[in-house]
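Working notes for the structure below.
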Amino acid sequence: MLEICPGCGVALPAVDGGSHRYIGASPSCWAIFTALVNAGEPPLAFAPLNQLITDAYAAQHPGTPSDQAIQSVAVHTLTLYAILVRGVDPERALWVRQRALRGTRRGRFFWLTPPSFNSTRTIADIVRQSTPEARTTEAQHYITDVWQRWSLLHQQTIADWHEAFVIA
Ligand SMILES: [Zn+2]
């Protein structure tokens, strides 16, 4: 039995298990992501951009509009923008995420209609590679692919948020 991920569209053998509360992923896609990011399985070669895998994954699995989903998409697309467009050091990814959320957050962000992730690269494409180096290279393509799709629709809004909530 294959299940289709509502976020990235990957078709994977169905697994028992939960998915995330507001990240819109199939249980099988979510299991691959958590193994890769939390358990380091399969391993990646070190690269500064590796820490953006989580941001790209959350942005690629926006879920459905709710306060938490809105905030998640905003924070993770802001982090991709800061590092990939504004040249913020990837070491400061956590700083960007924290800045985006400091103070009163209510009503700060709004739902951005997600781009199509048709024929997107997926987390399964990363783990399918045969070496840590090849997985890291694929991860970088993955991160860029997800960001480009968001930026085509919403870069100005995300830039405005960055100005207002990360820089200010
Ligand atoms: Zn997925």
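In the structure tokens, chains take the letters A, B, ... in the order shown, each chain's residues start at 1, and ligands count up from 1 in the order shown.
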Neighbours of ligand 1 within 12 Å, counting only C-alpha atoms and all ligand atoms, as a ChimeraX atom specification?
-> /A:3-12,19-20,23-34,56-63,117-125,146
Enumerate the residues of range 52-158 of chain A with a DSSP assignment of helix (DSSP H, G or I), computed from the backbone, and present them as an MDAnalysis selection string.
-> chainID A and resid 52:60 67:84 90:100 123:128 132:158
Once you count only C-alpha atoms, what closest atom pair and distance in Å to one decimal does each residue of range 18-136 of chain A within 10 Å of range 154-168 of chain A have, with rows by chain and rising residue number, as JSON lines?
```
{"residue": "A:Ala74", "atom": "CA", "partner": "A:Ile158", "partner_atom": "CA", "distance": 7.6}
{"residue": "A:Val75", "atom": "CA", "partner": "A:Ile158", "partner_atom": "CA", "distance": 9.5}
{"residue": "A:Thr77", "atom": "CA", "partner": "A:Ile158", "partner_atom": "CA", "distance": 7.2}
{"residue": "A:Leu78", "atom": "CA", "partner": "A:Ile158", "partner_atom": "CA", "distance": 6.1}
{"residue": "A:Thr79", "atom": "CA", "partner": "A:His162", "partner_atom": "CA", "distance": 8.9}
{"residue": "A:Leu80", "atom": "CA", "partner": "A:Ile158", "partner_atom": "CA", "distance": 9.8}
{"residue": "A:Tyr81", "atom": "CA", "partner": "A:Ile158", "partner_atom": "CA", "distance": 7.3}
{"residue": "A:Ala82", "atom": "CA", "partner": "A:His162", "partner_atom": "CA", "distance": 7.4}
{"residue": "A:Val85", "atom": "CA", "partner": "A:Ala159", "partner_atom": "CA", "distance": 9.4}
{"residue": "A:Arg86", "atom": "CA", "partner": "A:Ala159", "partner_atom": "CA", "distance": 9.4}
{"residue": "A:Trp95", "atom": "CA", "partner": "A:Val166", "partner_atom": "CA", "distance": 9.0}
{"residue": "A:Val96", "atom": "CA", "partner": "A:Val166", "partner_atom": "CA", "distance": 6.4}
{"residue": "A:Arg97", "atom": "CA", "partner": "A:Val166", "partner_atom": "CA", "distance": 8.4}
{"residue": "A:Gln98", "atom": "CA", "partner": "A:Val166", "partner_atom": "CA", "distance": 8.6}
{"residue": "A:Arg99", "atom": "CA", "partner": "A:Val166", "partner_atom": "CA", "distance": 5.2}
{"residue": "A:Ala100", "atom": "CA", "partner": "A:Val166", "partner_atom": "CA", "distance": 5.3}
{"residue": "A:Leu101", "atom": "CA", "partner": "A:Phe165", "partner_atom": "CA", "distance": 7.9}
{"residue": "A:Arg102", "atom": "CA", "partner": "A:Phe165", "partner_atom": "CA", "distance": 8.2}
{"residue": "A:Gly103", "atom": "CA", "partner": "A:Phe165", "partner_atom": "CA", "distance": 9.5}
{"residue": "A:Arg105", "atom": "CA", "partner": "A:Phe165", "partner_atom": "CA", "distance": 9.8}
{"residue": "A:Arg108", "atom": "CA", "partner": "A:Trp161", "partner_atom": "CA", "distance": 8.6}
{"residue": "A:Phe109", "atom": "CA", "partner": "A:Trp161", "partner_atom": "CA", "distance": 8.0}
{"residue": "A:Phe110", "atom": "CA", "partner": "A:Thr157", "partner_atom": "CA", "distance": 9.9}
{"residue": "A:Leu112", "atom": "CA", "partner": "A:His154", "partner_atom": "CA", "distance": 7.4}
{"residue": "A:Thr113", "atom": "CA", "partner": "A:His154", "partner_atom": "CA", "distance": 8.7}
{"residue": "A:Pro114", "atom": "CA", "partner": "A:His154", "partner_atom": "CA", "distance": 8.9}
{"residue": "A:Pro115", "atom": "CA", "partner": "A:His154", "partner_atom": "CA", "distance": 9.0}
```
If you run DSSP on the backbone, which residues of chain A are strand (DSSP E or B), as a PyMOL selection string?
-> chain A and resi 2-4+11-13
Take the residues from that selection and put them in a file with C-alpha atoms, as a compact mmCIF listing (two decimals), in the first residue's frame.
```
# COMPACT_ATOMS: atom_id res chain seq x y z
CA LEU A 2 1.42 3.32 -1.05
CA GLU A 3 0.44 6.54 0.63
CA ILE A 4 0.79 9.93 -1.01
CA ALA A 11 4.40 7.99 -2.77
CA LEU A 12 5.85 5.66 -0.13
CA PRO A 13 4.85 2.35 1.43
```
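With only C-alpha atoms as the atoms that count, the minimum distance from Glu91 in chain A to the choices A:Met1, A:Val37, A:Ile143, A:Leu49 is reached by A:Leu49.
Comparing A:Ala45, A:Ser116, A:Trp150, A:Thr104 by their smallest distance to His76 in chain A, the closest is A:Trp150 (using only C-alpha atoms).
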